[in-house]
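Dumped my_file13.cif below, it's mmCIF, C-alpha atoms and all ligand atoms:
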```
data_structure
#
loop_
_atom_site.label_atom_id
_atom_site.label_comp_id
_atom_site.auth_asym_id
_atom_site.auth_seq_id
_atom_site.Cartn_x
_atom_site.Cartn_y
_atom_site.Cartn_z
CA MET M 1 94.66 103.26 27.67
CA LYS M 2 96.06 104.63 24.43
CA LYS M 3 99.21 106.22 23.12
CA GLU M 4 98.35 109.88 22.83
CA LYS M 5 99.91 113.28 22.21
CA VAL M 6 99.05 115.90 24.81
CA LEU M 7 99.56 119.62 24.32
CA ILE M 8 101.11 121.57 27.20
CA ASN M 9 98.77 124.47 28.05
CA SER M 10 100.49 125.78 31.15
CA PHE M 11 103.48 125.08 33.29
CA ARG M 12 104.35 126.54 36.70
CA GLN M 13 106.47 125.80 39.72
CA ILE M 14 104.13 125.54 42.72
CA ALA M 15 106.61 124.56 45.45
CA LEU M 16 110.28 123.68 45.77
CA ASP M 17 111.20 121.27 42.94
CA THR M 18 107.49 120.76 42.23
CA ILE M 19 105.98 121.49 38.82
CA GLU M 20 102.33 121.66 37.88
CA MET M 21 101.59 121.12 34.21
CA VAL M 22 98.18 121.42 32.55
CA VAL M 23 97.92 119.44 29.33
CA GLU M 24 95.15 119.10 26.79
CA ASN M 25 93.83 115.88 25.33
CA ALA M 26 90.21 115.02 24.62
CA TYR M 27 90.40 111.23 24.99
CA ILE M 28 92.28 111.21 28.31
CA SER M 29 90.28 114.04 29.88
CA GLN M 30 86.99 112.31 29.06
CA THR M 31 88.00 108.81 30.19
CA ALA M 32 90.44 109.12 33.12
CA LYS M 33 89.34 108.23 36.65
CA PRO M 34 90.78 109.45 39.96
CA GLY M 35 93.91 107.46 40.82
CA GLN M 36 94.95 106.69 37.26
CA PHE M 37 98.23 107.95 35.84
CA LEU M 38 99.92 109.01 32.62
CA HIS M 39 103.06 107.21 31.50
CA VAL M 40 105.10 110.03 30.04
CA SER M 41 107.84 109.65 27.48
CA VAL M 42 110.93 111.78 28.15
CA GLU M 43 113.29 112.70 25.34
CA GLY M 44 116.64 110.92 25.68
CA HIS M 45 115.33 108.44 28.28
CA MET M 46 114.32 104.88 27.57
CA LEU M 47 111.87 104.55 30.43
CA ARG M 48 108.67 106.53 30.60
CA ARG M 49 107.84 108.35 33.86
CA PRO M 50 104.55 107.55 35.65
CA ILE M 51 102.83 110.78 36.70
CA SER M 52 99.51 110.72 38.52
CA ILE M 53 96.53 112.78 37.46
CA ALA M 54 95.88 115.66 39.88
CA ASP M 55 92.81 117.15 38.24
CA ILE M 56 90.66 117.10 35.13
CA ASN M 57 88.53 119.73 33.45
CA LYS M 58 86.18 117.87 31.10
CA GLU M 59 84.76 121.08 29.58
CA LYS M 60 88.22 122.26 28.57
CA ASN M 61 89.60 118.76 27.82
CA THR M 62 92.51 119.41 30.20
CA ILE M 63 94.42 117.20 32.63
CA THR M 64 96.58 118.57 35.45
CA ILE M 65 99.68 116.62 36.38
CA LEU M 66 102.28 117.36 39.04
CA PHE M 67 105.80 116.06 39.31
CA LYS M 68 108.80 116.56 41.52
CA VAL M 69 112.18 117.16 39.90
CA VAL M 70 114.25 114.31 41.31
CA GLY M 71 116.48 113.08 38.49
CA SER M 72 117.51 113.64 34.91
CA GLY M 73 114.14 112.52 33.46
CA THR M 74 112.02 114.89 35.50
CA ALA M 75 114.67 117.62 35.08
CA LYS M 76 114.20 117.22 31.33
CA LEU M 77 110.42 117.47 31.73
CA ALA M 78 110.95 120.66 33.71
CA THR M 79 112.51 122.32 30.66
CA LEU M 80 109.33 122.01 28.59
CA THR M 81 107.19 125.04 27.89
CA PRO M 82 103.55 125.71 26.92
CA GLY M 83 102.83 124.97 23.28
CA MET M 84 105.07 121.90 23.24
CA SER M 85 103.60 118.41 23.25
CA LEU M 86 104.28 115.21 25.14
CA ASP M 87 103.93 111.59 24.12
CA VAL M 88 102.02 109.72 26.82
CA LEU M 89 100.28 106.41 27.45
CA GLY M 90 97.09 106.89 29.35
CA PRO M 91 94.99 106.83 31.28
CA ASN M 92 96.88 103.92 32.89
CA GLY M 93 96.15 101.60 35.81
CA ASN M 94 93.13 101.10 38.00
CA GLY M 95 92.03 104.09 40.01
CA PHE M 96 90.20 104.50 43.33
CA GLN M 97 86.90 102.68 43.74
CA ILE M 98 84.37 105.30 44.68
CA ASP M 99 81.04 103.98 43.46
CA ASP M 100 80.13 102.34 46.76
CA GLN M 101 80.72 105.51 48.77
CA GLN M 102 77.33 106.69 49.95
CA LYS M 103 76.84 109.64 52.23
CA SER M 104 79.84 109.28 54.48
CA THR M 105 82.98 110.95 55.77
CA ILE M 106 86.20 110.20 53.98
CA LEU M 107 89.72 110.86 55.21
CA LEU M 108 92.34 111.62 52.53
CA ILE M 109 95.97 111.18 53.61
CA GLY M 110 98.68 112.29 51.21
CA GLY M 111 102.42 112.55 51.50
CA GLY M 112 104.58 114.71 49.20
CA ILE M 113 104.10 113.89 45.56
CA GLY M 114 101.39 111.41 46.69
CA VAL M 115 99.13 114.38 47.37
CA PRO M 116 98.11 115.20 43.74
CA PRO M 117 95.96 112.13 42.91
CA LEU M 118 93.99 112.70 46.12
CA TYR M 119 92.90 116.11 44.88
CA TYR M 120 91.01 114.81 41.86
CA LEU M 121 89.62 112.03 44.03
CA GLY M 122 88.54 114.49 46.74
CA LYS M 123 86.92 116.78 44.20
CA THR M 124 85.00 113.88 42.69
CA LEU M 125 83.83 112.68 46.11
CA ALA M 126 82.86 116.20 47.22
CA GLU M 127 80.66 116.46 44.12
CA LYS M 128 78.77 113.44 45.51
CA ASN M 129 78.18 115.38 48.76
CA ILE M 130 80.62 113.23 50.66
CA GLU M 131 82.32 114.97 53.57
CA ILE M 132 86.06 115.28 53.03
CA ILE M 133 88.76 115.61 55.68
CA SER M 134 92.35 115.74 54.46
CA ILE M 135 95.81 115.44 55.95
CA LEU M 136 98.71 116.52 53.74
CA GLY M 137 102.28 115.77 54.76
CA PHE M 138 105.40 117.46 53.38
CA GLN M 139 109.09 117.54 54.29
CA THR M 140 109.23 121.28 55.00
CA LYS M 141 107.28 124.50 54.38
CA ASP M 142 109.03 124.95 51.01
CA TYR M 143 107.41 121.78 49.64
CA VAL M 144 103.83 122.57 50.65
CA PHE M 145 101.30 122.88 47.81
CA TYR M 146 97.52 122.64 47.19
CA GLU M 147 96.64 123.59 50.78
CA GLU M 148 93.97 126.02 49.61
CA LYS M 149 92.52 123.57 47.10
CA PHE M 150 92.06 120.88 49.75
CA SER M 151 90.68 123.44 52.22
CA ASN M 152 87.98 124.19 49.65
CA LEU M 153 86.94 120.52 49.80
CA GLY M 154 86.65 120.37 53.60
CA ARG M 155 88.66 120.38 56.83
CA ASN M 156 92.36 120.17 56.03
CA TYR M 157 95.50 119.63 58.10
CA VAL M 158 99.02 120.26 56.85
CA VAL M 159 101.92 118.59 58.60
CA THR M 160 105.65 119.01 57.99
CA ASP M 161 108.45 116.77 59.19
CA ASP M 162 110.29 119.66 60.85
CA GLY M 163 107.28 121.72 61.92
CA SER M 164 108.24 124.62 59.63
CA TYR M 165 104.58 124.79 58.54
CA GLY M 166 101.37 123.43 60.05
CA GLU M 167 101.65 120.59 62.53
CA LYS M 168 105.03 119.07 63.29
CA GLY M 169 105.62 115.37 62.68
CA PHE M 170 104.12 112.82 60.34
CA VAL M 171 100.64 112.35 58.88
CA THR M 172 100.01 109.50 61.35
CA ASP M 173 100.48 111.98 64.23
CA VAL M 174 97.55 114.05 62.96
CA VAL M 175 95.02 111.26 62.30
CA LYS M 176 93.56 111.62 65.80
CA MET M 177 92.87 115.33 65.24
CA ALA M 178 90.84 114.49 62.14
CA GLY M 179 88.12 112.91 64.30
CA ASP M 180 85.65 110.30 63.05
CA PHE M 181 85.58 109.07 59.47
CA ASP M 182 84.15 106.04 57.67
CA SER M 183 86.97 105.10 55.31
CA TYR M 184 90.24 106.47 54.04
CA TYR M 185 92.25 106.86 50.85
CA SER M 186 96.00 107.38 50.98
CA CYS M 187 98.90 107.95 48.60
CA GLY M 188 102.52 108.62 49.41
CA PRO M 189 105.88 107.00 50.01
CA LEU M 190 105.97 103.38 51.16
CA PRO M 191 107.04 104.05 54.79
CA MET M 192 104.11 106.45 55.15
CA LEU M 193 101.65 103.93 53.70
CA LYS M 194 103.00 101.23 56.01
CA ALA M 195 102.51 103.48 59.02
CA ILE M 196 99.02 104.52 57.93
CA THR M 197 97.75 101.01 57.18
CA THR M 198 99.14 99.81 60.51
CA LYS M 199 97.57 102.66 62.44
CA LEU M 200 94.22 102.35 60.68
CA LYS M 201 94.11 98.54 60.61
CA GLY M 202 90.50 97.37 60.45
CA LYS M 203 89.20 100.58 58.84
CA PRO M 204 88.16 100.29 55.18
CA GLY M 205 90.81 101.99 53.11
CA MET M 206 92.50 102.17 49.74
CA ILE M 207 96.12 103.03 49.07
CA SER M 208 97.89 104.13 45.93
CA LEU M 209 101.49 103.03 45.55
CA GLU M 210 104.13 105.24 44.05
CA GLU M 211 106.55 103.04 42.23
CA ARG M 212 109.22 103.45 39.64
CA MET M 213 107.94 101.50 36.67
CA GLY M 214 109.28 99.95 33.54
CA CYS M 215 106.74 99.32 30.83
CA GLY M 216 103.79 100.73 32.80
CA VAL M 217 101.36 98.39 31.06
CA GLY M 218 101.78 95.05 32.85
CA ALA M 219 104.35 93.44 30.56
CA CYS M 220 107.74 93.57 32.33
CA MET M 221 107.11 92.62 36.01
CA ALA M 222 109.33 95.51 37.21
CA CYS M 223 106.68 96.75 39.62
CA VAL M 224 105.37 93.61 41.36
CA ILE M 225 104.29 93.62 44.99
CA PRO M 226 103.34 90.59 47.12
CA THR M 227 99.71 90.16 48.07
CA LYS M 228 98.62 89.15 51.59
CA LYS M 229 95.92 86.59 50.90
CA SER M 230 96.78 84.54 47.86
CA GLY M 231 100.53 84.54 48.40
CA GLY M 232 100.82 85.79 44.86
CA TYR M 233 101.88 89.04 43.32
CA LYS M 234 100.18 92.04 41.81
CA LYS M 235 101.55 94.47 39.29
CA ILE M 236 101.41 98.01 40.58
CA CYS M 237 101.15 99.50 37.08
CA SER M 238 98.23 97.45 35.80
CA ASP M 239 96.53 95.80 38.82
CA GLY M 240 97.07 99.04 40.78
CA PRO M 241 98.38 101.58 41.45
CA VAL M 242 95.39 101.58 43.83
CA PHE M 243 94.80 98.59 46.12
CA HIS M 244 92.64 97.84 49.13
CA ALA M 245 94.68 98.60 52.23
CA GLU M 246 94.62 94.96 53.37
CA GLU M 247 95.33 93.50 49.95
CA VAL M 248 99.11 93.93 49.54
CA SER M 249 102.16 93.40 51.74
CA LEU M 250 104.00 96.68 52.08
FE1 LIG C 1 106.07 96.62 33.66
FE2 LIG C 1 104.48 97.04 35.77
S1 LIG C 1 105.98 98.34 34.98
S2 LIG C 1 104.70 95.23 34.60
#
```

Go through the file and emit its structure as structure tokens.
Amino acid sequence: MKKEKVLINSFRQIALDTIEMVVENAYISQTAKPGQFLHVSVEGHMLRRPISIADINKEKNTITILFKVVGSGTAKLATLTPGMSLDVLGPNGNGFQIDDQQKSTILLIGGGIGVPPLYYLGKTLAEKNIEIISILGFQTKDYVFYEEKFSNLGRNYVVTDDGSYGEKGFVTDVVKMAGDFDSYYSCGPLPMLKAITTKLKGKPGMISLEERMGCGVGACMACVIPTKKSGGYKKICSDGPVFHAEEVSL
């Protein structure tokens, strides 16, 4: 992880309050792994914002990041335009472990702004000829994004809380429809991850935790989460954000 300047190549709104930004940086694009994040400095704000990596194009040295406009920091980010640059730390954290995935079927389960990191993961796994099934959950139709991209990776289900698009309900309601799979990877809000890890207890899985962070580099303890086995704590920013499903207490 290094402090880097990234150049904004493109910027577009892809769903309600949801911005996709493509930035250019040789070091990050060549070294980042699925599940890692950028810690983005926002003008006028003391704390950086953690934003997960949604895609990488190594030929073009570009990184795609997505964020939801939820407060003054992300609102400020949403005013940026192509040609401007951002000060980031990255790539940060430990990403998804994928090396031990042989020929198998993987279920990806994403909720809201937890969907983006699963796209780069899914793309990387699909390149290894691993079969991908995905379930993407959103609040309503207006928030849905990346449906087509995930459909290009394999079978894909979209679910909305109010049924305004796709299936009605929560991602856990759709797991049965997905059929058989060997292991799963999930990212989304804590209640969703709790429900998923409970429902899929005993299945090998990895989860990525979305957490508001302080330093983002393991120095401030603002992001700790209790572990199940050792009775200790892990730092989401530096030990995670990805953990084995049975490793942490949600
Ligand atoms: Fe500071 Fe994780 S945000 S230790």

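The two atoms in question, atom CA of Lys128 of chain M and atom CA of Pro241 of chain M, are spaced 23.3 Å apart.
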
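Each residue with an atom within 8 Å of any atom of ligand LIG 1 (chain C) appears in the list, which was built counting only C-alpha atoms and all ligand atoms: Arg212, Met213, Gly214, Cys215, Gly216, Val217, Gly218, Ala219, Cys220, Met221, Ala222, Cys223, Val224, Lys235, Ile236, Cys237 and Ser238 of chain M.
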
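Here the question is which of M:Leu47, M:Val42, M:Leu16, M:Met177 gets nearest to Phe138 of chain M using all atoms listed in the file, and that residue is M:Leu16.
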
| Long-range neighbours of segment 145-151 of chain M as a ChimeraX atom specification, 8 Å cut-off, all atoms listed in the file, 4 positions minimum in chain | /M:14-15,119,122,134,136,155-156,158

| Proximity to Thr227 of chain M - best of M:Asp142, M:Glu167, M:Glu59, M:Glu246, all atoms listed in the file | M:Glu246

Determine, for each residue of segment 96-201 of chain M having at least one atom at most 7 Å from an atom of segment 48-57 of chain M, the closest pair of atoms and their separation in Å to one decimal, counting all atoms listed in the file; order by chain and ascending number, as CSV.
```
residue,atom,partner,partner_atom,distance
M:Pro116,CA,M:Ala54,CA,4.5
M:Pro117,CA,M:Ala54,CA,4.7
M:Tyr119,CA,M:Ala54,CA,5.8
M:Tyr120,CA,M:Asp55,CA,4.7
```

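Ranking M:Gly71, M:Gly83, M:Gly205, M:Gly44 by their shortest atom-to-atom distance to Phe11 of chain M, with only C-alpha atoms included, puts M:Gly83 first.
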
| request: Take atom CA of Tyr185 of chain M and atom CA of Gly232 of chain M and report the distance between them in Å, one decimal. | output: 23.5 Å

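Closest approach to Tyr143 of chain M among M:Phe96, M:Phe67, M:Tyr233, M:Phe181 is made by M:Phe67 (distances from all atoms listed in the file).
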
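The residue that comes closest to Thr160 of chain M, out of M:Val175, M:Ile8, M:Leu193, M:Val144 and on the basis of only C-alpha atoms, is M:Val144.
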
I'd like the contact shell of Glu131 of chain M - 9 Å cut-off, only C-alpha atoms, skipping same-chain residues fewer than 5 positions apart - returned as a PDB file with C-alpha atoms, in the frame of the given file.
```pdb
ATOM      1  CA  LYS M 103      76.840 109.640  52.230  1.00  0.00           C
ATOM      2  CA  SER M 104      79.840 109.280  54.480  1.00  0.00           C
ATOM      3  CA  THR M 105      82.980 110.950  55.770  1.00  0.00           C
ATOM      4  CA  ILE M 106      86.200 110.200  53.980  1.00  0.00           C
ATOM      5  CA  LEU M 107      89.720 110.860  55.210  1.00  0.00           C
ATOM      6  CA  LEU M 125      83.830 112.680  46.110  1.00  0.00           C
ATOM      7  CA  ALA M 126      82.860 116.200  47.220  1.00  0.00           C
ATOM      8  CA  LEU M 153      86.940 120.520  49.800  1.00  0.00           C
ATOM      9  CA  GLY M 154      86.650 120.370  53.600  1.00  0.00           C
ATOM     10  CA  ARG M 155      88.660 120.380  56.830  1.00  0.00           C
ATOM     11  CA  PHE M 181      85.580 109.070  59.470  1.00  0.00           C
TER      12      PHE M 181
END
```

| Shortest interatomic distance to Leu66 of chain M - which of M:Lys201, M:Arg12, M:Lys194, M:Lys228, counting all atoms listed in the file | M:Arg12

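When atom CA of Met21 of chain M is paired with atom CA of Ala75 of chain M, their separation reads 13.6 Å.
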
| request: Counting all atoms listed in the file, select every polymer residue within 9 Å of (100.2, 106.5, 61.4) as defined in the file's coordinates, and provide the selection as a ChimeraX atom specification. | output: /M:170-175,192-200
